[in-house]
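Asks: Just one file: final.pdb, with PDB, C-alpha atoms, pLDDT in the B column.
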ATOM      1  CA  MET A 140      30.265  13.709  12.901  1.00 39.00           C
ATOM      2  CA  THR A 141      27.996  11.090  14.421  1.00 40.00           C
ATOM      3  CA  THR A 142      24.400  11.396  13.338  1.00 50.00           C
ATOM      4  CA  ASN A 143      21.301  10.142  15.047  1.00 71.00           C
ATOM      5  CA  VAL A 144      19.446   8.131  12.398  1.00 69.00           C
ATOM      6  CA  LEU A 145      16.197   8.051  14.357  1.00 75.00           C
ATOM      7  CA  ALA A 146      16.245  11.777  15.031  1.00 73.00           C
ATOM      8  CA  ASP A 147      17.067  12.575  11.401  1.00 69.00           C
ATOM      9  CA  THR A 148      14.313  10.279  10.193  1.00 73.00           C
ATOM     10  CA  GLY A 149      11.850  11.896  12.596  1.00 76.00           C
ATOM     11  CA  VAL A 150      12.691  15.396  11.337  1.00 73.00           C
ATOM     12  CA  LEU A 151      12.395  14.392   7.671  1.00 73.00           C
ATOM     13  CA  THR A 152       9.174  12.477   8.313  1.00 78.00           C
ATOM     14  CA  GLY A 153       7.769  15.603   9.960  1.00 79.00           C
ATOM     15  CA  ARG A 154       8.769  17.609   6.876  1.00 76.00           C
ATOM     16  CA  SER A 155       6.916  15.209   4.549  1.00 75.00           C
ATOM     17  CA  LEU A 156       3.872  15.110   6.819  1.00 77.00           C
ATOM     18  CA  ARG A 157       3.669  18.910   6.802  1.00 80.00           C
ATOM     19  CA  HIS A 158       3.503  18.787   3.011  1.00 73.00           C
ATOM     20  CA  ILE A 159       0.537  16.403   3.258  1.00 76.00           C
ATOM     21  CA  LEU A 160      -1.197  18.554   5.887  1.00 73.00           C
ATOM     22  CA  ARG A 161      -0.891  21.513   3.522  1.00 74.00           C
ATOM     23  CA  SER A 162      -2.623  19.468   0.808  1.00 70.00           C
ATOM     24  CA  PRO A 163      -4.907  16.917   2.534  1.00 69.00           C
ATOM     25  CA  ASP A 164      -6.626  16.341  -0.810  1.00 70.00           C
ATOM     26  CA  THR A 165      -4.003  13.653  -1.480  1.00 71.00           C
ATOM     27  CA  ILE A 166      -5.430  11.486   1.308  1.00 73.00           C
ATOM     28  CA  ILE A 167      -9.000  12.274   0.262  1.00 77.00           C
ATOM     29  CA  THR A 168      -8.201  11.419  -3.362  1.00 78.00           C
ATOM     30  CA  THR A 169      -6.590   8.141  -2.287  1.00 80.00           C
ATOM     31  CA  ALA A 170      -9.762   7.140  -0.420  1.00 84.00           C
ATOM     32  CA  VAL A 171     -12.244   8.290  -3.082  1.00 89.00           C
ATOM     33  CA  THR A 172     -11.495   5.626  -5.701  1.00 89.00           C
ATOM     34  CA  PRO A 173     -11.701   2.634  -3.310  1.00 92.00           C
ATOM     35  CA  VAL A 174     -14.895   4.013  -1.781  1.00 93.00           C
ATOM     36  CA  ALA A 175     -16.387   4.488  -5.257  1.00 92.00           C
ATOM     37  CA  LEU A 176     -15.452   0.903  -6.162  1.00 92.00           C
ATOM     38  CA  MET A 177     -16.995  -0.359  -2.942  1.00 92.00           C
ATOM     39  CA  LEU A 178     -20.229   1.511  -3.639  1.00 92.00           C
ATOM     40  CA  LEU A 179     -20.306   0.214  -7.218  1.00 91.00           C
ATOM     41  CA  PHE A 180     -19.709  -3.432  -6.348  1.00 89.00           C
ATOM     42  CA  VAL A 181     -21.952  -3.555  -3.294  1.00 89.00           C
ATOM     43  CA  TYR A 182     -24.946  -1.590  -4.557  1.00 88.00           C
ATOM     44  CA  VAL A 183     -24.787  -2.152  -8.322  1.00 84.00           C
ATOM     45  CA  LEU A 184     -22.956  -5.425  -9.014  1.00 79.00           C
ATOM     46  CA  GLY A 185     -23.078  -7.185  -5.659  1.00 68.00           C
ATOM     47  CA  GLY A 186     -26.514  -8.716  -6.169  1.00 68.00           C
ATOM     48  CA  ALA A 187     -25.288 -10.613  -9.214  1.00 69.00           C
ATOM     49  CA  ILE A 188     -22.124 -11.934  -7.550  1.00 74.00           C
ATOM     50  CA  HIS A 189     -22.279 -15.217  -5.644  1.00 73.00           C
ATOM     51  CA  THR A 190     -19.418 -15.715  -3.217  1.00 71.00           C
ATOM     52  CA  GLY A 191     -20.664 -18.822  -1.430  1.00 67.00           C
ATOM     53  CA  SER A 192     -20.409 -16.937   1.853  1.00 68.00           C
ATOM     54  CA  SER A 193     -23.293 -16.332   4.249  1.00 65.00           C
ATOM     55  CA  SER A 194     -21.957 -12.892   5.201  1.00 76.00           C
ATOM     56  CA  SER A 195     -22.800  -9.706   3.317  1.00 86.00           C
ATOM     57  CA  TYR A 196     -20.910  -8.841   0.147  1.00 88.00           C
ATOM     58  CA  VAL A 197     -19.339  -5.762   1.740  1.00 92.00           C
ATOM     59  CA  ASN A 198     -17.711  -8.114   4.278  1.00 92.00           C
ATOM     60  CA  TYR A 199     -16.359 -10.240   1.438  1.00 92.00           C
ATOM     61  CA  LEU A 200     -15.203  -7.208  -0.549  1.00 93.00           C
ATOM     62  CA  LEU A 201     -13.527  -5.052   2.095  1.00 95.00           C
ATOM     63  CA  PRO A 202     -10.115  -6.818   2.340  1.00 96.00           C
ATOM     64  CA  GLY A 203      -9.460  -6.307  -1.375  1.00 95.00           C
ATOM     65  CA  ILE A 204     -10.661  -2.699  -1.223  1.00 96.00           C
ATOM     66  CA  LEU A 205      -8.187  -2.006   1.589  1.00 96.00           C
ATOM     67  CA  LEU A 206      -5.327  -3.303  -0.562  1.00 96.00           C
ATOM     68  CA  ILE A 207      -6.463  -1.122  -3.467  1.00 95.00           C
ATOM     69  CA  THR A 208      -6.515   1.859  -1.092  1.00 94.00           C
ATOM     70  CA  ILE A 209      -2.891   1.265  -0.157  1.00 95.00           C
ATOM     71  CA  ALA A 210      -1.812   0.589  -3.750  1.00 93.00           C
ATOM     72  CA  SER A 211      -3.345   3.941  -4.729  1.00 90.00           C
ATOM     73  CA  GLY A 212      -1.731   5.763  -1.820  1.00 89.00           C
ATOM     74  CA  VAL A 213       1.863   4.657  -2.361  1.00 90.00           C
ATOM     75  CA  ALA A 214       1.889   6.391  -5.765  1.00 86.00           C
ATOM     76  CA  TYR A 215       2.148   9.705  -3.910  1.00 84.00           C
ATOM     77  CA  THR A 216       5.403   8.562  -2.299  1.00 85.00           C
ATOM     78  CA  SER A 217       6.914   8.036  -5.728  1.00 86.00           C
ATOM     79  CA  TYR A 218       5.539  11.402  -6.844  1.00 83.00           C
ATOM     80  CA  ARG A 219       6.904  13.320  -3.824  1.00 82.00           C
ATOM     81  CA  LEU A 220      10.280  11.602  -4.071  1.00 83.00           C
ATOM     82  CA  PHE A 221      10.534  12.511  -7.759  1.00 81.00           C
ATOM     83  CA  LEU A 222       9.732  16.159  -6.985  1.00 78.00           C
ATOM     84  CA  ASP A 223      12.438  16.227  -4.283  1.00 72.00           C
ATOM     85  CA  LEU A 224      14.957  14.882  -6.773  1.00 74.00           C
ATOM     86  CA  GLN A 225      13.988  17.410  -9.418  1.00 71.00           C
ATOM     87  CA  GLY A 226      13.970  20.251  -6.896  1.00 67.00           C
ATOM     88  CA  GLY A 227      17.546  19.608  -5.778  1.00 63.00           C
ATOM     89  CA  ILE A 228      16.555  18.792  -2.196  1.00 64.00           C
ATOM     90  CA  PHE A 229      18.713  15.663  -2.162  1.00 60.00           C
ATOM     91  CA  GLU A 230      21.804  17.650  -3.098  1.00 59.00           C
ATOM     92  CA  ARG A 231      21.182  19.979  -0.168  1.00 63.00           C
ATOM     93  CA  PHE A 232      20.716  17.047   2.191  1.00 60.00           C
ATOM     94  CA  GLN A 233      24.070  15.601   1.067  1.00 61.00           C
ATOM     95  CA  SER A 234      25.835  18.724   2.337  1.00 57.00           C
ATOM     96  CA  MET A 235      24.243  18.336   5.770  1.00 59.00           C
ATOM     97  CA  PRO A 236      25.341  16.012   8.605  1.00 56.00           C
ATOM     98  CA  ILE A 237      22.342  13.680   8.362  1.00 64.00           C
ATOM     99  CA  ALA A 238      22.088   9.937   7.807  1.00 63.00           C
ATOM    100  CA  ARG A 239      21.531   9.242   4.119  1.00 64.00           C
ATOM    101  CA  SER A 240      19.028   6.460   4.764  1.00 68.00           C
ATOM    102  CA  SER A 241      16.836   8.850   6.776  1.00 75.00           C
ATOM    103  CA  VAL A 242      15.973  10.723   3.563  1.00 77.00           C
ATOM    104  CA  LEU A 243      14.223   7.656   2.170  1.00 83.00           C
ATOM    105  CA  TRP A 244      12.799   6.504   5.494  1.00 85.00           C
ATOM    106  CA  GLY A 245      11.165   9.898   5.968  1.00 85.00           C
ATOM    107  CA  HIS A 246       9.161   9.336   2.778  1.00 84.00           C
ATOM    108  CA  VAL A 247       8.403   5.710   3.677  1.00 89.00           C
ATOM    109  CA  LEU A 248       7.077   6.477   7.162  1.00 90.00           C
ATOM    110  CA  THR A 249       5.000   9.324   5.751  1.00 88.00           C
ATOM    111  CA  SER A 250       3.472   6.827   3.328  1.00 89.00           C
ATOM    112  CA  VAL A 251       2.605   4.462   6.185  1.00 92.00           C
ATOM    113  CA  ILE A 252       0.931   7.224   8.219  1.00 91.00           C
ATOM    114  CA  ALA A 253      -0.987   8.647   5.239  1.00 90.00           C
ATOM    115  CA  ASN A 254      -2.187   5.205   4.173  1.00 93.00           C
ATOM    116  CA  VAL A 255      -3.328   4.362   7.705  1.00 93.00           C
ATOM    117  CA  VAL A 256      -5.531   7.471   7.604  1.00 91.00           C
ATOM    118  CA  SER A 257      -6.926   6.477   4.179  1.00 92.00           C
ATOM    119  CA  VAL A 258      -7.618   2.910   5.374  1.00 95.00           C
ATOM    120  CA  VAL A 259      -9.454   4.225   8.450  1.00 95.00           C
ATOM    121  CA  ILE A 260     -11.641   6.382   6.195  1.00 94.00           C
ATOM    122  CA  VAL A 261     -12.467   3.408   3.955  1.00 95.00           C
ATOM    123  CA  VAL A 262     -13.261   1.162   6.936  1.00 96.00           C
ATOM    124  CA  GLY A 263     -15.496   3.905   8.315  1.00 95.00           C
ATOM    125  CA  VAL A 264     -17.453   4.053   5.058  1.00 95.00           C
ATOM    126  CA  ALA A 265     -17.667   0.232   5.010  1.00 96.00           C
ATOM    127  CA  LEU A 266     -19.185   0.289   8.502  1.00 95.00           C
ATOM    128  CA  ILE A 267     -21.824   2.747   7.288  1.00 94.00           C
ATOM    129  CA  MET A 268     -22.521   0.380   4.362  1.00 93.00           C
ATOM    130  CA  GLY A 269     -23.105  -2.549   6.709  1.00 91.00           C
ATOM    131  CA  PHE A 270     -19.685  -4.096   7.312  1.00 93.00           C
ATOM    132  CA  ARG A 271     -19.737  -6.043  10.561  1.00 92.00           C
ATOM    133  CA  THR A 272     -17.204  -8.276  12.255  1.00 92.00           C
ATOM    134  CA  GLY A 273     -16.860 -10.005  15.579  1.00 89.00           C
ATOM    135  CA  ALA A 274     -13.061 -10.079  15.230  1.00 91.00           C
ATOM    136  CA  SER A 275     -11.142  -9.884  18.484  1.00 93.00           C
ATOM    137  CA  VAL A 276      -8.606  -7.194  19.321  1.00 95.00           C
ATOM    138  CA  GLY A 277      -5.869  -9.683  18.447  1.00 94.00           C
ATOM    139  CA  ALA A 278      -7.408 -10.300  15.021  1.00 95.00           C
ATOM    140  CA  TRP A 279      -7.671  -6.558  14.365  1.00 96.00           C
ATOM    141  CA  LEU A 280      -4.029  -6.132  15.355  1.00 96.00           C
ATOM    142  CA  ALA A 281      -3.076  -8.972  12.991  1.00 96.00           C
ATOM    143  CA  VAL A 282      -4.995  -7.277  10.161  1.00 96.00           C
ATOM    144  CA  ALA A 283      -3.294  -3.971  10.970  1.00 96.00           C
ATOM    145  CA  GLY A 284       0.112  -5.653  10.967  1.00 96.00           C
ATOM    146  CA  ILE A 285      -0.506  -7.258   7.573  1.00 97.00           C
ATOM    147  CA  LEU A 286      -1.695  -3.951   6.094  1.00 97.00           C
ATOM    148  CA  VAL A 287       1.333  -2.072   7.455  1.00 97.00           C
ATOM    149  CA  LEU A 288       3.665  -4.741   6.052  1.00 97.00           C
ATOM    150  CA  PHE A 289       1.825  -4.506   2.719  1.00 97.00           C
ATOM    151  CA  THR A 290       2.245  -0.716   2.799  1.00 96.00           C
ATOM    152  CA  LEU A 291       5.965  -0.974   3.543  1.00 95.00           C
ATOM    153  CA  ALA A 292       6.533  -3.481   0.734  1.00 96.00           C
ATOM    154  CA  LEU A 293       4.679  -1.370  -1.836  1.00 95.00           C
ATOM    155  CA  THR A 294       6.197   1.886  -0.606  1.00 94.00           C
ATOM    156  CA  TRP A 295       9.731   0.623  -1.169  1.00 93.00           C
ATOM    157  CA  LEU A 296       8.650  -0.325  -4.686  1.00 93.00           C
ATOM    158  CA  ALA A 297       7.384   3.256  -4.993  1.00 91.00           C
ATOM    159  CA  VAL A 298      10.787   4.526  -3.862  1.00 90.00           C
ATOM    160  CA  ILE A 299      12.435   2.624  -6.726  1.00 90.00           C
ATOM    161  CA  ALA A 300       9.944   4.138  -9.173  1.00 89.00           C
ATOM    162  CA  GLY A 301      10.459   7.637  -7.797  1.00 86.00           C
ATOM    163  CA  LEU A 302      14.239   7.373  -8.055  1.00 85.00           C
ATOM    164  CA  SER A 303      14.147   5.875 -11.549  1.00 85.00           C
ATOM    165  CA  ALA A 304      11.378   7.907 -13.217  1.00 78.00           C
ATOM    166  CA  LYS A 305      12.124  10.452 -15.929  1.00 82.00           C
ATOM    167  CA  THR A 306       8.778  12.275 -15.696  1.00 82.00           C
ATOM    168  CA  VAL A 307       6.120  13.015 -13.074  1.00 77.00           C
ATOM    169  CA  ASP A 308       3.660  10.729 -14.862  1.00 77.00           C
ATOM    170  CA  GLY A 309       6.213   7.929 -14.931  1.00 77.00           C
ATOM    171  CA  ALA A 310       6.790   8.291 -11.192  1.00 76.00           C
ATOM    172  CA  SER A 311       3.201   7.370 -10.356  1.00 75.00           C
ATOM    173  CA  ALA A 312       2.337   5.108 -13.297  1.00 80.00           C
ATOM    174  CA  PHE A 313       3.984   2.107 -11.631  1.00 78.00           C
ATOM    175  CA  SER A 314       1.032   1.852  -9.238  1.00 81.00           C
ATOM    176  CA  TYR A 315      -1.514   1.049 -11.972  1.00 84.00           C
ATOM    177  CA  PRO A 316      -0.637  -2.684 -12.176  1.00 86.00           C
ATOM    178  CA  LEU A 317      -0.693  -2.852  -8.363  1.00 87.00           C
ATOM    179  CA  ILE A 318      -4.194  -1.363  -8.281  1.00 88.00           C
ATOM    180  CA  PHE A 319      -5.347  -3.749 -11.013  1.00 90.00           C
ATOM    181  CA  LEU A 320      -3.892  -6.891  -9.377  1.00 92.00           C
ATOM    182  CA  PRO A 321      -6.698  -7.352  -6.788  1.00 92.00           C
ATOM    183  CA  PHE A 322      -9.218  -7.646  -9.628  1.00 92.00           C
ATOM    184  CA  ILE A 323      -7.515 -10.896 -10.677  1.00 93.00           C
ATOM    185  CA  SER A 324      -7.634 -12.455  -7.229  1.00 93.00           C
ATOM    186  CA  SER A 325     -10.173 -13.634  -4.687  1.00 90.00           C
ATOM    187  CA  ALA A 326     -10.867 -10.013  -3.698  1.00 90.00           C
ATOM    188  CA  PHE A 327     -14.110  -9.618  -5.666  1.00 91.00           C
ATOM    189  CA  VAL A 328     -15.193 -13.146  -6.599  1.00 89.00           C
ATOM    190  CA  PRO A 329     -14.056 -16.662  -5.650  1.00 89.00           C
ATOM    191  CA  THR A 330     -11.216 -17.859  -7.872  1.00 88.00           C
ATOM    192  CA  GLN A 331     -13.191 -21.064  -8.607  1.00 88.00           C
ATOM    193  CA  SER A 332     -15.534 -19.014 -10.816  1.00 84.00           C
ATOM    194  CA  MET A 333     -12.708 -17.942 -13.132  1.00 88.00           C
ATOM    195  CA  PRO A 334     -11.503 -19.679 -16.332  1.00 90.00           C
ATOM    196  CA  GLY A 335      -8.665 -22.170 -15.816  1.00 88.00           C
ATOM    197  CA  PRO A 336      -5.542 -20.091 -16.629  1.00 92.00           C
ATOM    198  CA  VAL A 337      -6.952 -16.983 -14.938  1.00 93.00           C
ATOM    199  CA  ALA A 338      -7.903 -19.007 -11.851  1.00 93.00           C
ATOM    200  CA  TRP A 339      -4.378 -20.483 -11.684  1.00 95.00           C
ATOM    201  CA  PHE A 340      -2.827 -17.010 -11.802  1.00 95.00           C
ATOM    202  CA  ALA A 341      -5.308 -15.636  -9.247  1.00 93.00           C
ATOM    203  CA  GLU A 342      -4.660 -18.473  -6.809  1.00 93.00           C
ATOM    204  CA  ASN A 343      -0.878 -18.124  -7.029  1.00 93.00           C
ATOM    205  CA  GLN A 344      -0.381 -14.378  -6.899  1.00 94.00           C
ATOM    206  CA  PRO A 345       0.253 -12.616  -3.562  1.00 94.00           C
ATOM    207  CA  VAL A 346      -2.981 -10.617  -3.292  1.00 96.00           C
ATOM    208  CA  THR A 347      -5.183 -13.725  -2.979  1.00 95.00           C
ATOM    209  CA  SER A 348      -3.359 -15.109   0.062  1.00 96.00           C
ATOM    210  CA  ILE A 349      -3.334 -11.660   1.703  1.00 97.00           C
ATOM    211  CA  VAL A 350      -7.048 -11.109   1.031  1.00 96.00           C
ATOM    212  CA  ASN A 351      -7.956 -14.615   2.232  1.00 95.00           C
ATOM    213  CA  THR A 352      -6.000 -14.089   5.457  1.00 96.00           C
ATOM    214  CA  ILE A 353      -7.618 -10.730   6.254  1.00 96.00           C
ATOM    215  CA  ARG A 354     -11.076 -12.072   5.384  1.00 95.00           C
ATOM    216  CA  ALA A 355     -10.587 -15.099   7.662  1.00 94.00           C
ATOM    217  CA  LEU A 356      -9.455 -12.855  10.521  1.00 95.00           C
ATOM    218  CA  PHE A 357     -12.518 -10.635  10.119  1.00 94.00           C
ATOM    219  CA  GLU A 358     -14.833 -13.665   9.951  1.00 92.00           C
ATOM    220  CA  GLN A 359     -13.167 -15.400  12.918  1.00 90.00           C
ATOM    221  CA  GLN A 360     -12.249 -18.356  10.730  1.00 91.00           C
ATOM    222  CA  PRO A 361      -8.993 -20.375  10.720  1.00 89.00           C
ATOM    223  CA  VAL A 362      -6.428 -18.648   8.491  1.00 89.00           C
ATOM    224  CA  GLY A 363      -4.753 -21.920   7.538  1.00 88.00           C
ATOM    225  CA  GLY A 364      -1.630 -21.747   5.410  1.00 91.00           C
ATOM    226  CA  ASP A 365      -2.687 -18.504   3.705  1.00 93.00           C
ATOM    227  CA  ILE A 366      -1.128 -16.355   6.406  1.00 94.00           C
ATOM    228  CA  TRP A 367       2.303 -17.941   5.928  1.00 96.00           C
ATOM    229  CA  ILE A 368       2.090 -17.585   2.161  1.00 95.00           C
ATOM    230  CA  ALA A 369       1.019 -13.967   2.577  1.00 96.00           C
ATOM    231  CA  LEU A 370       3.853 -13.206   4.995  1.00 96.00           C
ATOM    232  CA  ALA A 371       6.387 -14.933   2.741  1.00 96.00           C
ATOM    233  CA  TRP A 372       5.272 -12.799  -0.217  1.00 96.00           C
ATOM    234  CA  LEU A 373       5.259  -9.567   1.776  1.00 96.00           C
ATOM    235  CA  VAL A 374       8.602 -10.082   3.495  1.00 97.00           C
ATOM    236  CA  GLY A 375      10.179 -11.255   0.229  1.00 97.00           C
ATOM    237  CA  ILE A 376       8.923  -8.226  -1.720  1.00 96.00           C
ATOM    238  CA  LEU A 377       9.932  -5.886   1.100  1.00 96.00           C
ATOM    239  CA  VAL A 378      13.494  -7.228   1.346  1.00 96.00           C
ATOM    240  CA  VAL A 379      14.083  -7.225  -2.426  1.00 96.00           C
ATOM    241  CA  ALA A 380      12.483  -3.783  -2.938  1.00 95.00           C
ATOM    242  CA  TYR A 381      14.442  -2.307  -0.026  1.00 93.00           C
ATOM    243  CA  GLY A 382      17.705  -3.649  -1.432  1.00 93.00           C
ATOM    244  CA  PHE A 383      17.045  -2.267  -4.912  1.00 92.00           C
ATOM    245  CA  ALA A 384      15.835   1.076  -3.516  1.00 91.00           C
ATOM    246  CA  ILE A 385      18.954   1.600  -1.402  1.00 88.00           C
ATOM    247  CA  ALA A 386      21.210   0.600  -4.318  1.00 88.00           C
ATOM    248  CA  SER A 387      19.358   2.990  -6.639  1.00 85.00           C
ATOM    249  CA  TYR A 388      19.596   5.806  -4.101  1.00 83.00           C
ATOM    250  CA  ARG A 389      23.343   5.300  -3.683  1.00 80.00           C
ATOM    251  CA  ARG A 390      23.793   5.450  -7.451  1.00 80.00           C
ATOM    252  CA  LYS A 391      21.798   8.679  -7.576  1.00 72.00           C
ATOM    253  CA  VAL A 392      23.828  10.203  -4.752  1.00 66.00           C
ATOM    254  CA  THR A 393      27.139   9.131  -6.306  1.00 67.00           C
ATOM    255  CA  ALA A 394      26.122  10.381  -9.747  1.00 60.00           C
ATOM    256  CA  GLY A 395      25.020  13.672  -8.238  1.00 53.00           C
TER     257      GLY A 395
END
Give the structure from this file in structure tokens form.

Replies:
Amino acid sequence: MTTNVLADTGVLTGRSLRHILRSPDTIITTAVTPVALMLLFVYVLGGAIHTGSSSSYVNYLLPGILLITIASGVAYTSYRLFLDLQGGIFERFQSMPIARSSVLWGHVLTSVIANVVSVVIVVGVALIMGFRTGASVGAWLAVAGILVLFTLALTWLAVIAGLSAKTVDGASAFSYPLIFLPFISSAFVPTQSMPGPVAWFAENQPVTSIVNTIRALFEQQPVGGDIWIALAWLVGILVVAYGFAIASYRRKVTAG
């Protein structure tokens, strides 16, 4: 029987979204930590941090906070996927005439939608705190595209974690290093202020190029080569994570 992948994915995405609507605290929780960090760094630590930029510290900080928001949010994808596995939902789906890939894509698209909502909340709080930008519509669209690509890359990593985890805690624990990574980047302070080895790591890990690109777009500055480095990292992570996730899912289905 021929199945409509898009239709199946739409139905399963709707199912996952209904779960979120029944417990909107997941989105609120995802936004709380980044907002708390933003308040802490801007109002408590910001006065002691010198970025070399003429703009306010909240402007400097926001790109990294947005990445932390997404890194926090994708953990719920891993968690929900793990619960579906433990609840036997996947076995039921296997007996139905639906595209296998739509099961995973339903979770992934739900992650994108939920994280977009969380990001909008964080940006709204940043505006209240004094964030300002003269970025054009095109620049905003570029920022949105980068954030969506970042969400997709991390969500497919979350899928691998959800399929591989043995416990609920293990399903979401993978996100902790992802949340911590922006702290060792240009997200909070310039990398030039860091000790040699730390600065080298910060300058050559993916978060720094992504943060620098988003910051340049907000400040209407040339993005330079950072955007290509950022895109290379994101596309590379997405392709590799997608491949491993699909392979892991097939093993799970076969084993089941």

Asks: Given all atoms listed in the file, how would the per-residue table for region 304-327 of chain A near region 274-294 of chain A read, listing every residue at most 12 Å away with its closest atom pair and distance in Å to one decimal, sorted by chain and number, as a Markdown table?

Replies:
| residue | atom | partner | partner_atom | distance |
| --- | --- | --- | --- | --- |
| A:Ser311 | CA | A:Thr294 | CA | 11.6 |
| A:Phe313 | CA | A:Leu293 | CA | 10.4 |
| A:Ser314 | CA | A:Leu293 | CA | 8.9 |
| A:Pro316 | CA | A:Leu293 | CA | 11.7 |
| A:Leu317 | CA | A:Leu293 | CA | 8.6 |
| A:Ile318 | CA | A:Leu293 | CA | 11.0 |

Asks: Residues of region 214-316 of chain A that approach region 194-208 of chain A to 9 Å or less, counting only C-alpha atoms: could you list each one with the shortest pair of atoms and its distance in Å to one decimal, rows by chain and increasing residue number, as a Markdown table?

Replies:
| residue | atom | partner | partner_atom | distance |
| --- | --- | --- | --- | --- |
| A:Asn254 | CA | A:Thr208 | CA | 7.6 |
| A:Ser257 | CA | A:Thr208 | CA | 7.0 |
| A:Val258 | CA | A:Leu205 | CA | 6.2 |
| A:Val261 | CA | A:Leu205 | CA | 7.3 |
| A:Val262 | CA | A:Leu201 | CA | 7.9 |
| A:Ala265 | CA | A:Val197 | CA | 7.0 |
| A:Met268 | CA | A:Val197 | CA | 7.4 |
| A:Gly269 | CA | A:Val197 | CA | 7.0 |
| A:Phe270 | CA | A:Asn198 | CA | 5.4 |
| A:Arg271 | CA | A:Asn198 | CA | 6.9 |
| A:Thr272 | CA | A:Asn198 | CA | 8.0 |
| A:Leu286 | CA | A:Leu206 | CA | 7.6 |
| A:Phe289 | CA | A:Leu206 | CA | 8.0 |
| A:Thr290 | CA | A:Leu206 | CA | 8.7 |

Asks: If I take CA of Phe383 (chain A) and CA of Ala297 (chain A), how far is one from the other in Å, to one decimal?

Replies: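 Pair CA of Phe383 (chain A) / CA of Ala297 (chain A) returns 11.1 Å.
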
Asks: Counting all atoms listed in the file, find residues at most 12 Å from (-10.4, 9.5, -5.0) (file frame) and give them as a list in words.

Replies: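 With a cut-off of 12 Å, the residues come to Pro163, Asp164, Thr165, Ile166, Ile167, Thr168, Thr169, Ala170, Val171, Thr172, Pro173, Val174, Ala175, Leu176, Ile207, Thr208, Ser211, Gly212, Ser257, Ile260 and Val261 of chain A.
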
Asks: How many Å lie between CA of Arg161 (chain A) and CA of Lys305 (chain A), rounded to one decimal?

Replies: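 Computed distance, CA of Arg161 (chain A) to CA of Lys305 (chain A), equals 25.9 Å.
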
Asks: For Trp295 (chain A), which residue out of A:Gly375, A:Gly273, A:Pro321, A:Gly263 is the nearest one, using only C-alpha atoms?

Replies: A:Gly375

Asks: On this structure, the PyMOL selection byres ((chain A and resi 342) around 12) would catch which residues? List them as an MDAnalysis selection string, sorted by chain and number.

Replies: chainID A and resid 320:321 323:326 328:341 343:351 365 368:369

Asks: Using all atoms listed in the file, can you tell me which of A:Ala253, A:Leu222, A:Trp244, A:Tyr381 comes closest to Asp308 (chain A)?

Replies: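 Of A:Ala253, A:Leu222, A:Trp244, A:Tyr381, the one nearest Asp308 (chain A), counting all atoms listed in the file, is A:Leu222.
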
Asks: What does the distance from CA of Ser250 (chain A) to CA of Ala210 (chain A) come to in Å, to one decimal?

Replies: 10.8 Å

Asks: May I ask which of the residues A:Val379, A:Ile385, A:Leu179, A:Ala304 is the closest one to Tyr218 (chain A), counting all atoms listed in the file?

Replies: A:Ala304

Asks: Emit as AutoDock Vina command-line options the padded axis-aligned box for all listed atoms of region 330-348 of chain A, 3 Å per side, with centre and edge lengths in Å to one decimal.

Replies:
--center_x -7.6 --center_y -16.4 --center_z -8.3 --size_x 21.8 --size_y 17.6 --size_z 22.7

Asks: Determine the nearest neighbour of Tyr215 (chain A) from the options A:Ala312, A:Leu151, A:Leu184, A:Leu178, counting only C-alpha atoms.

Replies: A:Ala312
